[in-house]
$ cat query.txt   # compact mmCIF, C-alpha atoms
# COMPACT_ATOMS: atom_id res chain seq x y z
CA MET A 18 165.85 -117.97 58.80
CA LEU A 19 165.43 -117.80 55.01
CA LEU A 20 162.78 -115.96 53.05
CA VAL A 21 161.72 -116.91 49.51
CA SER A 22 161.86 -113.73 47.44
CA GLU A 23 159.55 -112.28 44.86
CA ARG A 24 161.23 -111.11 41.66
CA ASN A 25 160.35 -107.72 40.21
CA ASP A 26 161.94 -106.66 36.92
CA THR A 27 160.05 -103.41 36.33
CA ALA A 28 162.93 -101.02 37.05
CA LYS A 29 165.77 -100.97 34.53
CA THR A 30 168.34 -99.59 36.95
CA ILE A 31 167.81 -102.45 39.38
CA SER A 32 166.42 -105.08 37.04
CA ALA A 33 168.04 -107.87 39.00
CA ALA A 34 166.49 -106.82 42.28
CA THR A 35 164.32 -109.15 44.33
CA ILE A 36 161.94 -108.10 47.07
CA HIS A 37 161.81 -109.88 50.41
CA ILE A 38 158.98 -109.07 52.81
CA VAL A 39 159.51 -109.20 56.58
CA ARG A 40 156.31 -109.01 58.64
CA GLY A 41 155.77 -107.97 62.24
CA GLY A 42 157.48 -105.59 64.63
CA ASP A 43 159.63 -108.19 66.40
CA SER A 44 161.09 -109.54 63.16
CA ILE A 45 161.82 -106.05 61.86
CA LEU A 46 163.30 -104.91 65.16
CA ARG A 47 165.93 -107.64 64.92
CA LEU A 48 167.17 -105.92 61.74
CA GLN A 49 167.53 -102.46 63.31
CA GLY A 50 171.33 -102.49 63.16
CA VAL A 51 171.29 -103.48 59.48
CA LEU A 52 168.76 -100.75 58.68
CA ALA A 53 170.83 -98.14 60.52
CA ASP A 54 173.94 -99.16 58.54
CA LEU A 55 171.97 -99.12 55.29
CA SER A 56 170.71 -95.60 55.95
CA VAL A 57 174.28 -94.35 56.42
CA ARG A 58 175.40 -96.06 53.22
CA CYS A 59 172.52 -94.44 51.31
CA GLY A 60 173.26 -90.94 52.55
CA GLN A 61 170.34 -90.89 55.00
CA PRO A 62 172.09 -91.24 58.37
CA GLY A 63 169.82 -91.61 61.37
CA VAL A 64 166.53 -92.16 59.54
CA MET A 65 166.23 -95.75 60.76
CA ASP A 66 167.59 -95.16 64.25
CA ASP A 67 165.16 -95.97 67.07
CA VAL A 68 162.88 -97.86 64.67
CA GLY A 69 161.43 -99.75 67.65
CA TYR A 70 159.78 -96.56 68.90
CA PHE A 71 157.93 -96.04 65.63
CA LEU A 72 157.03 -99.71 65.24
CA SER A 73 155.27 -99.63 68.61
CA LYS A 74 153.49 -96.30 68.09
CA PRO A 75 149.73 -96.77 68.67
CA GLY A 76 147.07 -95.56 66.27
CA THR A 77 143.31 -95.53 65.84
CA LEU A 78 143.56 -98.83 63.99
CA ARG A 79 145.90 -101.74 64.53
CA ARG A 80 148.73 -101.61 62.02
CA VAL A 81 151.01 -104.48 61.13
CA PRO A 82 154.44 -103.30 59.95
CA HIS A 83 155.87 -104.77 56.76
CA LEU A 84 159.50 -104.25 55.74
CA LEU A 85 160.28 -104.69 52.05
CA LEU A 86 163.97 -105.45 51.51
CA PHE A 87 165.50 -105.02 48.04
CA SER A 88 168.50 -107.12 47.08
CA LYS A 89 170.16 -108.85 44.15
CA ALA A 90 170.19 -112.20 45.94
CA PRO A 91 167.22 -114.54 45.31
CA VAL A 92 167.35 -115.69 48.94
CA LEU A 93 168.33 -113.74 52.06
CA ASP A 94 169.61 -115.21 55.30
CA LEU A 95 168.18 -112.72 57.79
CA GLU A 96 170.38 -114.07 60.58
CA ARG A 97 173.51 -113.03 58.67
CA LEU A 98 172.14 -110.05 56.76
CA ARG A 99 174.41 -107.06 56.22
CA ALA A 100 173.71 -103.62 54.78
CA ASP A 101 175.95 -104.46 51.80
CA ASP A 102 173.46 -107.20 50.83
CA LEU A 103 170.70 -104.64 50.25
CA LEU A 104 169.85 -102.04 47.60
CA GLY A 105 167.15 -100.41 49.70
CA ALA A 106 164.28 -100.88 52.11
CA VAL A 107 160.70 -99.62 52.51
CA LEU A 108 158.76 -99.67 55.80
CA LEU A 109 154.97 -99.70 55.46
CA TYR A 110 152.01 -100.57 57.67
CA ARG A 111 148.97 -102.74 56.88
CA TYR A 112 145.71 -101.55 58.43
CA VAL A 113 143.73 -104.16 60.33
CA VAL A 114 140.11 -104.01 61.61
CA LEU A 115 138.76 -106.75 63.91
CA GLY A 116 141.74 -108.93 63.03
CA CYS A 117 141.22 -108.60 59.27
CA GLY A 118 143.20 -106.49 56.84
CA ILE A 119 141.23 -103.84 54.92
CA GLY A 120 143.54 -103.94 51.93
CA MET A 121 145.43 -100.71 52.64
CA PHE A 122 149.12 -100.07 53.23
CA SER A 123 150.57 -96.74 54.26
CA THR A 124 153.60 -95.02 55.67
CA ASN A 125 153.44 -94.11 59.35
CA ASP A 126 155.66 -91.06 58.88
CA ARG A 127 154.17 -87.97 57.26
CA SER A 128 157.62 -86.36 57.13
CA GLY A 129 158.81 -89.12 54.79
CA ARG A 130 162.13 -89.41 56.63
CA GLY A 131 161.81 -92.93 57.99
CA THR A 132 159.90 -94.69 55.22
CA LEU A 133 162.26 -95.43 52.34
CA VAL A 134 166.01 -95.99 52.46
CA ALA A 135 167.89 -96.16 49.17
CA PRO A 136 170.45 -94.23 47.10
CA ALA A 137 168.91 -90.96 45.95
CA ALA A 138 168.74 -91.92 42.28
CA LEU A 139 166.80 -95.12 43.04
CA ARG A 140 164.19 -93.92 45.55
CA SER A 141 161.30 -93.25 43.18
CA THR A 142 161.97 -96.52 41.34
CA ILE A 143 162.05 -98.50 44.56
CA ALA A 144 158.84 -96.81 45.73
CA GLU A 145 157.10 -97.95 42.54
CA MET A 146 158.49 -101.48 42.81
CA ALA A 147 157.25 -101.76 46.38
CA ILE A 148 153.76 -100.66 45.37
CA ARG A 149 153.63 -103.06 42.41
CA THR A 150 154.61 -105.94 44.66
CA LEU A 151 151.77 -105.20 47.06
CA MET A 152 149.23 -104.56 44.31
CA ASN A 153 150.14 -107.89 42.72
CA ARG A 154 149.14 -109.46 46.03
CA GLY A 155 145.62 -108.01 45.80
CA VAL A 156 146.02 -104.87 47.91
CA LEU A 157 143.38 -102.14 47.31
CA ALA A 158 145.45 -99.02 48.04
CA VAL A 159 149.02 -98.06 48.93
CA LEU A 160 150.50 -94.74 50.03
CA ILE A 161 154.24 -94.14 50.26
CA SER A 162 155.54 -90.78 51.47
CA PHE A 163 159.29 -90.43 51.01
CA ARG A 164 162.14 -87.99 50.54
CA ASP A 165 162.75 -88.35 46.83
CA GLY A 166 166.24 -87.80 45.52
CA ASP A 167 164.99 -87.77 41.92
CA SER A 168 161.57 -86.10 41.91
CA ALA A 169 161.93 -85.32 38.21
CA ASN A 170 161.49 -89.05 37.57
CA VAL A 171 158.13 -88.99 39.36
CA LYS A 172 156.94 -86.02 37.32
CA LYS A 173 158.20 -87.51 34.07
CA GLY A 174 156.20 -90.69 34.53
CA ALA A 175 153.06 -88.82 35.53
CA SER A 176 153.24 -86.34 32.67
CA LYS A 177 153.35 -89.22 30.19
CA GLY A 178 150.24 -90.73 31.71
CA GLN A 179 151.95 -93.79 33.10
CA PRO A 180 153.43 -95.12 36.34
CA LEU A 181 156.88 -93.99 37.37
CA GLY A 182 159.03 -96.60 35.73
CA GLY A 183 157.42 -96.17 32.32
CA SER A 184 155.63 -99.54 32.26
CA LYS A 185 151.98 -99.60 31.18
CA ALA A 186 151.27 -103.04 32.60
CA ASN A 187 149.11 -101.79 35.46
CA GLU A 188 147.39 -98.80 33.84
CA LYS A 189 144.04 -100.54 33.47
CA THR A 190 144.08 -102.11 36.91
CA ALA A 191 145.18 -99.21 39.11
CA ARG A 192 145.12 -95.43 39.39
CA TRP A 193 148.54 -93.93 40.05
CA ALA A 194 148.79 -90.44 41.49
CA TRP A 195 151.55 -88.37 43.03
CA ARG A 196 151.97 -85.15 44.95
CA GLU A 197 155.06 -83.21 45.87
CA ARG A 198 154.90 -80.97 48.92
CA GLU A 199 157.27 -78.93 51.03
CA THR A 200 157.38 -79.67 54.73
CA PRO A 201 159.20 -77.92 57.59
CA ASP A 202 162.06 -80.28 58.39
CA TYR A 203 164.17 -78.89 61.23
CA LEU A 204 165.22 -75.71 63.03
CA PRO A 205 168.97 -75.03 62.77
CA LEU A 206 170.47 -74.59 66.23
CA GLU A 207 173.27 -72.05 66.57
CA HIS A 208 176.15 -72.28 69.05
CA THR A 209 174.21 -70.35 71.69
CA PHE A 210 170.58 -70.09 72.77
CA ASP A 211 170.48 -66.34 72.09
CA GLY A 212 172.03 -66.91 68.68
CA THR A 213 169.31 -69.42 67.85
CA LEU A 214 166.54 -67.11 69.04
CA ALA A 215 167.93 -64.42 66.73
CA THR A 216 167.05 -66.63 63.74
CA ILE A 217 163.41 -67.02 64.81
CA GLY A 218 160.59 -64.57 64.06
CA THR A 219 160.42 -61.50 66.27
CA ARG A 220 157.10 -62.38 67.89
CA THR A 221 158.09 -65.98 68.65
CA ARG A 222 161.44 -64.85 70.03
CA ARG A 223 159.74 -62.31 72.28
CA ASN A 224 157.16 -64.84 73.49
CA MET A 225 159.77 -67.47 74.34
CA ARG A 226 161.58 -65.01 76.58
CA TYR A 227 158.48 -63.35 78.05
CA TYR A 228 156.51 -66.46 79.01
CA ARG A 229 159.54 -68.19 80.48
CA LYS A 230 160.30 -65.20 82.75
CA ARG A 231 156.62 -64.92 83.68
CA ALA A 232 156.38 -68.62 84.61
CA GLU A 233 159.49 -68.32 86.75
CA ALA A 234 158.25 -65.15 88.48
CA GLU A 235 154.61 -66.10 89.03
CA LEU A 236 154.68 -69.91 89.25
CA GLY A 237 158.16 -70.49 90.62
CA CYS A 238 158.87 -72.56 87.51
CA VAL A 239 161.90 -74.88 87.72
CA PHE A 240 163.38 -76.88 84.84
CA LEU A 241 164.34 -80.55 85.37
CA PRO A 242 166.55 -81.93 82.55
CA THR A 243 166.04 -85.49 83.80
CA VAL A 244 162.62 -86.54 85.06
CA GLN A 245 162.05 -89.25 87.65
CA ILE A 246 158.37 -90.18 87.78
CA GLY A 247 156.38 -93.36 88.37
CA ARG A 248 153.96 -94.73 85.81
CA ARG A 249 150.90 -94.04 87.99
CA GLU A 250 151.91 -90.44 88.59
CA PHE A 251 152.56 -90.03 84.87
CA LEU A 252 149.08 -91.33 83.98
CA ASP A 253 147.50 -89.10 86.61
CA PHE A 254 149.26 -86.08 85.17
CA ASN A 255 148.06 -86.98 81.68
CA ARG A 256 144.46 -86.74 82.87
CA GLU A 257 145.15 -83.22 84.14
CA CYS A 258 146.62 -82.05 80.83
CA MET A 259 145.29 -80.10 77.91
CA TYR A 260 144.61 -82.53 75.05
CA ALA A 261 144.92 -85.54 77.35
CA VAL A 262 145.48 -88.73 75.38
CA PRO A 263 143.83 -92.11 76.07
CA ALA A 264 145.42 -94.09 78.91
CA LYS A 265 146.74 -96.63 76.39
CA VAL A 266 148.63 -93.93 74.50
CA ALA A 267 149.90 -92.34 77.71
CA SER A 268 151.21 -95.74 78.88
CA TRP A 269 152.99 -96.16 75.56
CA ARG A 270 154.60 -92.73 75.88
CA TYR A 271 155.92 -93.64 79.30
CA GLN A 272 157.21 -97.05 78.20
CA SER A 273 158.45 -96.02 74.74
CA LEU A 274 161.44 -94.13 76.10
CA ASN A 275 162.97 -97.55 76.75
CA TYR A 276 163.00 -98.17 72.98
CA LEU A 277 165.28 -95.19 72.29
CA GLU A 278 169.06 -95.30 72.14
CA THR A 279 169.42 -91.77 73.58
CA PRO A 280 166.10 -90.85 75.21
CA LEU A 281 165.29 -87.45 76.66
CA PHE A 282 162.72 -86.99 79.41
CA MET A 283 162.45 -83.43 80.72
CA GLY A 284 159.90 -81.41 82.66
CA ILE A 285 159.07 -78.25 84.54
CA LYS A 286 157.48 -77.91 88.00
CA ASP A 287 155.97 -74.99 89.86
CA GLY A 288 157.12 -73.75 93.26
CA THR A 289 154.95 -76.30 95.07
CA GLY A 290 156.44 -79.26 93.21
CA ARG A 291 153.45 -79.72 90.91
CA TRP A 292 154.20 -80.84 87.35
CA LEU A 293 153.50 -78.17 84.74
CA SER A 294 154.84 -79.86 81.60
CA LEU A 295 156.58 -83.07 80.55
CA LEU A 296 158.45 -83.65 77.30
CA GLY A 297 159.77 -86.83 75.69
CA GLY A 298 162.42 -86.74 72.99
CA ARG A 299 165.55 -88.28 71.59
CA ARG A 300 168.93 -87.43 70.14
CA HIS A 301 170.12 -88.90 66.87
CA ASN A 302 172.73 -88.04 64.24
CA GLY A 303 173.69 -84.73 65.85
CA GLY A 304 170.10 -83.55 66.14
CA THR A 305 167.47 -83.52 68.85
CA GLU A 306 163.79 -84.29 68.41
CA ILE A 307 160.64 -83.57 70.41
CA LEU A 308 158.46 -86.68 70.24
CA TRP A 309 155.61 -85.61 72.52
CA GLN A 310 154.74 -82.97 75.09
CA MET A 311 152.11 -82.79 77.87
CA ASN A 312 151.00 -79.50 79.46
CA ARG A 313 148.80 -78.97 82.51
CA SER A 314 145.35 -77.63 81.68
CA GLY A 315 143.94 -74.41 83.15
CA LEU A 316 147.16 -72.46 82.62
CA SER A 317 146.91 -71.60 78.92
CA HIS A 318 147.69 -67.92 79.66
CA TYR A 319 151.17 -69.03 80.74
CA SER A 320 151.90 -70.76 77.38
CA LEU A 321 153.53 -73.73 79.09
CA SER A 322 154.25 -75.38 75.75
CA ILE A 323 156.53 -72.57 74.62
CA VAL A 324 158.11 -72.31 78.11
CA MET A 325 159.02 -76.01 78.01
CA ARG A 326 160.42 -75.71 74.49
CA SER A 327 162.53 -72.74 75.54
CA TYR A 328 164.22 -74.75 78.29
CA PHE A 329 164.56 -77.77 76.01
CA MET A 330 166.26 -75.80 73.23
CA GLU A 331 168.68 -74.10 75.61
CA HIS A 332 169.61 -77.43 77.19
CA GLU A 333 170.17 -79.20 73.86
CA ILE A 334 172.19 -76.34 72.37
CA ALA A 335 174.46 -76.52 75.43
CA HIS A 336 174.97 -80.21 74.64
CA GLY A 337 176.10 -79.52 71.08
CA MET A 338 172.95 -80.36 69.13
CA THR A 339 172.72 -78.63 65.74
CA LYS A 340 169.17 -79.40 64.58
CA LEU A 341 165.76 -79.42 66.27
CA TYR A 342 163.11 -81.79 64.86
CA MET A 343 159.49 -82.13 65.94
CA GLU A 344 157.95 -85.53 65.30
CA GLY A 345 154.65 -85.04 63.50
CA GLY A 346 155.42 -81.39 62.80
CA THR A 347 154.12 -78.32 64.60
CA ALA A 348 151.49 -75.68 63.95
CA HIS A 349 153.43 -73.11 65.97
CA PRO A 350 154.72 -70.07 64.00
CA MET A 351 158.28 -71.15 64.76
CA ARG A 352 157.85 -73.61 61.88
CA PHE A 353 158.42 -70.67 59.51
CA SER A 354 162.03 -70.61 60.69
CA PHE A 355 162.53 -74.29 59.86
CA VAL A 356 164.55 -75.53 56.90
CA ASN A 357 162.10 -77.02 54.40
CA ASP A 358 162.49 -80.25 52.47
CA LYS A 359 160.43 -81.85 49.70
CA VAL A 360 158.34 -84.95 50.28
CA THR A 361 156.78 -87.06 47.55
CA ASP A 362 153.46 -88.77 48.22
CA LEU A 363 152.76 -91.65 45.84
CA VAL A 364 149.35 -93.31 46.07
CA VAL A 365 147.88 -96.14 44.02
CA VAL A 366 144.25 -97.35 44.14
CA ARG A 367 143.00 -100.52 42.46
CA ARG A 368 140.57 -100.07 39.57
CA SER A 369 137.82 -102.51 40.50
CA ARG A 370 134.42 -102.58 42.11
CA LEU A 371 136.10 -103.49 45.36
CA GLY A 372 138.57 -100.67 44.87
CA MET A 373 135.71 -98.18 44.63
CA VAL A 374 134.93 -98.74 48.32
CA VAL A 375 138.38 -97.44 49.27
CA PRO A 376 137.15 -93.87 49.98
CA ALA A 377 134.38 -95.26 52.20
CA LEU A 378 136.88 -97.41 54.10
CA ALA A 379 139.16 -94.41 54.55
CA ASN A 380 136.25 -92.31 55.78
CA LEU A 381 135.10 -94.98 58.24
CA PHE A 382 138.31 -96.31 59.69
CA ILE A 383 141.12 -93.76 59.25
CA LYS A 384 141.43 -90.47 61.14
CA PRO A 385 140.55 -87.55 58.84
CA ASP A 386 143.90 -85.80 59.39
CA ASN A 387 145.84 -88.94 58.42
CA GLU A 388 147.76 -88.46 55.17
CA LEU A 389 146.35 -91.68 53.71
CA ALA A 390 142.78 -90.54 54.35
CA LEU A 391 143.48 -87.07 52.93
CA MET A 392 144.80 -88.53 49.70
CA LEU A 393 142.22 -91.29 49.28
CA LEU A 394 139.43 -88.76 49.76
CA ASP A 395 140.95 -86.37 47.22
CA LYS A 396 138.48 -86.19 44.32
CA SER A 397 141.25 -85.59 41.81
CA LEU A 398 142.39 -89.18 42.31
CA TYR A 399 139.10 -90.49 40.93
CA GLY A 400 138.30 -87.86 38.34
CA GLY A 401 141.05 -88.62 35.85
CA SER A 402 141.08 -90.53 32.59
CA ALA A 403 140.79 -94.28 32.36
CA ASN A 404 144.52 -94.75 32.41
CA GLY A 405 147.66 -93.09 33.58
CA SER A 406 148.95 -91.18 36.54
CA ARG A 407 147.93 -87.72 37.64
CA GLN A 408 149.03 -85.18 40.19
CA LEU A 409 146.93 -84.78 43.31
CA ALA A 410 146.10 -81.37 44.66
CA SER A 411 148.71 -80.09 47.07
CA PRO A 412 147.64 -79.37 50.65
CA GLY A 413 145.39 -76.34 50.72
CA GLU A 414 144.56 -76.44 47.00
CA GLU A 415 141.03 -76.87 45.67
CA THR A 416 140.23 -80.13 43.93
CA SER A 417 137.91 -80.45 40.99
$ encode --input "query.txt" --output "structure tokens"
Amino acid sequence: MLLVSERNDTAKTISAATIHIVRGGDSILRLQGVLADLSVRCGQPGVMDDVGYFLSKPGTLRRVPHLLLFSKAPVLDLERLRADDLLGAVLLYRYVVLGCGIGMFSTNDRSGRGTLVAPAALRSTIAEMAIRTLMNRGVLAVLISFRDGDSANVKKGASKGQPLGGSKANEKTARWAWRERETPDYLPLEHTFDGTLATIGTRTRRNMRYYRKRAEAELGCVFLPTVQIGRREFLDFNRECMYAVPAKVASWRYQSLNYLETPLFMGIKDGTGRWLSLLGGRRHNGGTEILWQMNRSGLSHYSLSIVMRSYFMEHEIAHGMTKLYMEGGTAHPMRFSFVNDKVTDLVVVRRSRLGMVVPALANLFIKPDNELALMLLDKSLYGGSANGSRQLASPGEETS
């Protein structure tokens, strides 16, 4: 299969690059091996592993994945594509309502790990090129969150009142804004469970030990490193959990483990054989990641979430894992013991009458805690001068 490419000469460092757009989860999934190889070549090993899991992840709105491939070849043969053929790749999602696109593209990964793959020095340039390509196609708004290897380039463009690459071609047609934020990335895992606990805050360390012993003594808690459970039983348990998710999402959680190369499915039961907690995760690139967790309701005083995580960490440390990730992040105080990394959020909104409805669309159709909604509803994006980029308020800051 061949794709006709769309030339983009805005970035000097990759002036010969062409952008090829692959649409749909099935088409992108066929390129998983190429993307995994590309991530290794670009110094981002593991970021595109298990891409099928994230492509299938449900949301409030239907999202159609779009993969933008950057290469020096005017035409790509996707059947014979190799990582060496590519300069980089960007994975974004188009929001769809009632079968129609609402003109917005966004990352589906707030951590910025699995969005953009490219050599560090080219990431901000490739992010800009991807946005320009979509804006040239009439898109109203684009958000890319990525781990930027050259954040100074983002700041330099913004401080001059222009998009990242220095071009002023789109100043009058779009508002460019950026934000740099720190995010908890992973918890380093020591050689032993006790050694790892020693690196965590005193209160969290004490709670992990206390609640685990209490659950064992009072509930007869037993840890199962490999769970065997039918789909119906899984859905029934979901309905008995704190923060139960819709049946559609629960079904996806159950099925999604099949999309992972090294899935983890663990749980704890009480002395009567009743499920107390279930946890889905994966291993990749020497690390282990918690993807979702379900805890029985009515037992909040036992802190089942922290009990399950205690068993999980001990098990994974014993199997040689060196990093603990939590997909989507965590509000638990243990996040203060995580190694932080910087994420760049780059958002562009079209300057037009139609573009002015973007905040209303975000308010109506996108969950308020979604990063795209947070940025599109940020007043600082709309309160700037008639041209140029500006910095958005960081999370927790007041906007004017």
$ axis_aligned_box --input "query.txt" --around "segment 140-152 of chain A" --padding-each-side "6 Å" --output "JSON"
{"center_x": 156.7, "center_y": -99.6, "center_z": 44.2, "size_x": 27.0, "size_y": 24.7, "size_z": 17.7}
$ residues_around --input "query.txt" --residues "segment 69-85 of chain A" --least-positions-apart "2" --cutoff "7 Å" --atoms "all atoms listed in the file" --output "list of chain:residue names"
A:Ile36, A:His37, A:Ile38, A:Val39, A:Arg40, A:Gly41, A:Gly42, A:Ile45, A:Leu46, A:Asp67, A:Phe87, A:Ala106, A:Val107, A:Leu108, A:Leu109, A:Tyr110, A:Arg111, A:Tyr112, A:Val113, A:Val114, A:Val266, A:Ser273, A:Tyr276, A:Leu277
$ write_last_selection --input "query.txt" --atoms "C-alpha atoms" --output "PDB file, in the coordinates of the input"
ATOM      1  CA  ILE A  36     161.940-108.100  47.070  1.00  0.00           C
ATOM      2  CA  HIS A  37     161.810-109.880  50.410  1.00  0.00           C
ATOM      3  CA  ILE A  38     158.980-109.070  52.810  1.00  0.00           C
ATOM      4  CA  VAL A  39     159.510-109.200  56.580  1.00  0.00           C
ATOM      5  CA  ARG A  40     156.310-109.010  58.640  1.00  0.00           C
ATOM      6  CA  GLY A  41     155.770-107.970  62.240  1.00  0.00           C
ATOM      7  CA  GLY A  42     157.480-105.590  64.630  1.00  0.00           C
ATOM      8  CA  ILE A  45     161.820-106.050  61.860  1.00  0.00           C
ATOM      9  CA  LEU A  46     163.300-104.910  65.160  1.00  0.00           C
ATOM     10  CA  ASP A  67     165.160 -95.970  67.070  1.00  0.00           C
ATOM     11  CA  PHE A  87     165.500-105.020  48.040  1.00  0.00           C
ATOM     12  CA  ALA A 106     164.280-100.880  52.110  1.00  0.00           C
ATOM     13  CA  VAL A 107     160.700 -99.620  52.510  1.00  0.00           C
ATOM     14  CA  LEU A 108     158.760 -99.670  55.800  1.00  0.00           C
ATOM     15  CA  LEU A 109     154.970 -99.700  55.460  1.00  0.00           C
ATOM     16  CA  TYR A 110     152.010-100.570  57.670  1.00  0.00           C
ATOM     17  CA  ARG A 111     148.970-102.740  56.880  1.00  0.00           C
ATOM     18  CA  TYR A 112     145.710-101.550  58.430  1.00  0.00           C
ATOM     19  CA  VAL A 113     143.730-104.160  60.330  1.00  0.00           C
ATOM     20  CA  VAL A 114     140.110-104.010  61.610  1.00  0.00           C
ATOM     21  CA  VAL A 266     148.630 -93.930  74.500  1.00  0.00           C
ATOM     22  CA  SER A 273     158.450 -96.020  74.740  1.00  0.00           C
ATOM     23  CA  TYR A 276     163.000 -98.170  72.980  1.00  0.00           C
ATOM     24  CA  LEU A 277     165.280 -95.190  72.290  1.00  0.00           C
TER      25      LEU A 277
END
$ closest_residue --input "query.txt" --among "A:Val156, A:Ala232, A:Leu252, A:Leu103" --to "Asp287 of chain A" --atoms "only C-alpha atoms"
A:Ala232
$ closest_residue --input "query.txt" --among "A:Arg222, A:Arg313, A:Arg367, A:Arg164" --to "Arg198 of chain A" --atoms "all atoms listed in the file"
A:Arg164
$ residues_around --input "query.txt" --residues "Phe282 of chain A" --least-positions-apart "6" --cutoff "7 Å" --atoms "only C-alpha atoms" --output "compact mmCIF listing (two decimals) with C-alpha atoms, in the frame of the given file"
# COMPACT_ATOMS: atom_id res chain seq x y z
CA THR A 243 166.04 -85.49 83.80
CA VAL A 244 162.62 -86.54 85.06
CA LEU A 296 158.45 -83.65 77.30
CA GLY A 297 159.77 -86.83 75.69
CA GLY A 298 162.42 -86.74 72.99
$ atom_distance --input "query.txt" --atom1 "atom CA of Phe240 of chain A" --atom2 "atom CA of Glu333 of chain A"
13.1 Å
$ decode --input "query.txt" --residues "segment 353-358 of chain A" --atoms "all heavy atoms" --output "compact mmCIF listing (two decimals), in the first residue's frame"
# COMPACT_ATOMS: atom_id res chain seq x y z
N PHE A 353 5.28 11.69 45.39
CA PHE A 353 6.36 12.58 45.76
C PHE A 353 7.71 11.88 45.79
O PHE A 353 8.75 12.54 45.87
CB PHE A 353 6.06 13.22 47.13
CG PHE A 353 4.83 14.08 47.13
CD1 PHE A 353 3.75 13.76 47.95
CD2 PHE A 353 4.74 15.19 46.31
CE1 PHE A 353 2.61 14.55 47.95
CE2 PHE A 353 3.59 15.99 46.31
CZ PHE A 353 2.53 15.67 47.13
N SER A 354 7.69 10.56 45.73
CA SER A 354 8.93 9.79 45.67
C SER A 354 9.29 9.41 44.24
O SER A 354 10.32 8.77 44.01
CB SER A 354 8.81 8.52 46.53
OG SER A 354 8.52 8.83 47.87
N PHE A 355 8.46 9.81 43.28
CA PHE A 355 8.71 9.50 41.88
C PHE A 355 9.81 10.41 41.31
O PHE A 355 10.02 11.54 41.77
CB PHE A 355 7.44 9.69 41.05
CG PHE A 355 6.48 8.54 41.10
CD1 PHE A 355 6.18 7.90 42.30
CD2 PHE A 355 5.85 8.09 39.95
CE1 PHE A 355 5.29 6.85 42.35
CE2 PHE A 355 4.94 7.03 40.00
CZ PHE A 355 4.67 6.41 41.19
N VAL A 356 10.50 9.91 40.30
CA VAL A 356 11.41 10.74 39.51
C VAL A 356 10.56 11.58 38.57
O VAL A 356 9.69 11.05 37.87
CB VAL A 356 12.39 9.86 38.71
CG1 VAL A 356 13.21 10.71 37.75
CG2 VAL A 356 13.31 9.08 39.66
N ASN A 357 10.78 12.88 38.54
CA ASN A 357 10.01 13.77 37.69
C ASN A 357 10.65 13.93 36.31
O ASN A 357 11.86 13.78 36.15
CB ASN A 357 9.86 15.15 38.33
CG ASN A 357 8.91 15.15 39.51
OD1 ASN A 357 8.12 14.21 39.68
ND2 ASN A 357 8.97 16.17 40.34
N ASP A 358 9.82 14.24 35.34
CA ASP A 358 10.31 14.56 34.00
C ASP A 358 9.49 15.73 33.48
O ASP A 358 8.39 16.01 33.97
CB ASP A 358 10.18 13.36 33.06
CG ASP A 358 11.11 13.48 31.86
OD1 ASP A 358 11.73 14.55 31.70
OD2 ASP A 358 11.20 12.52 31.08
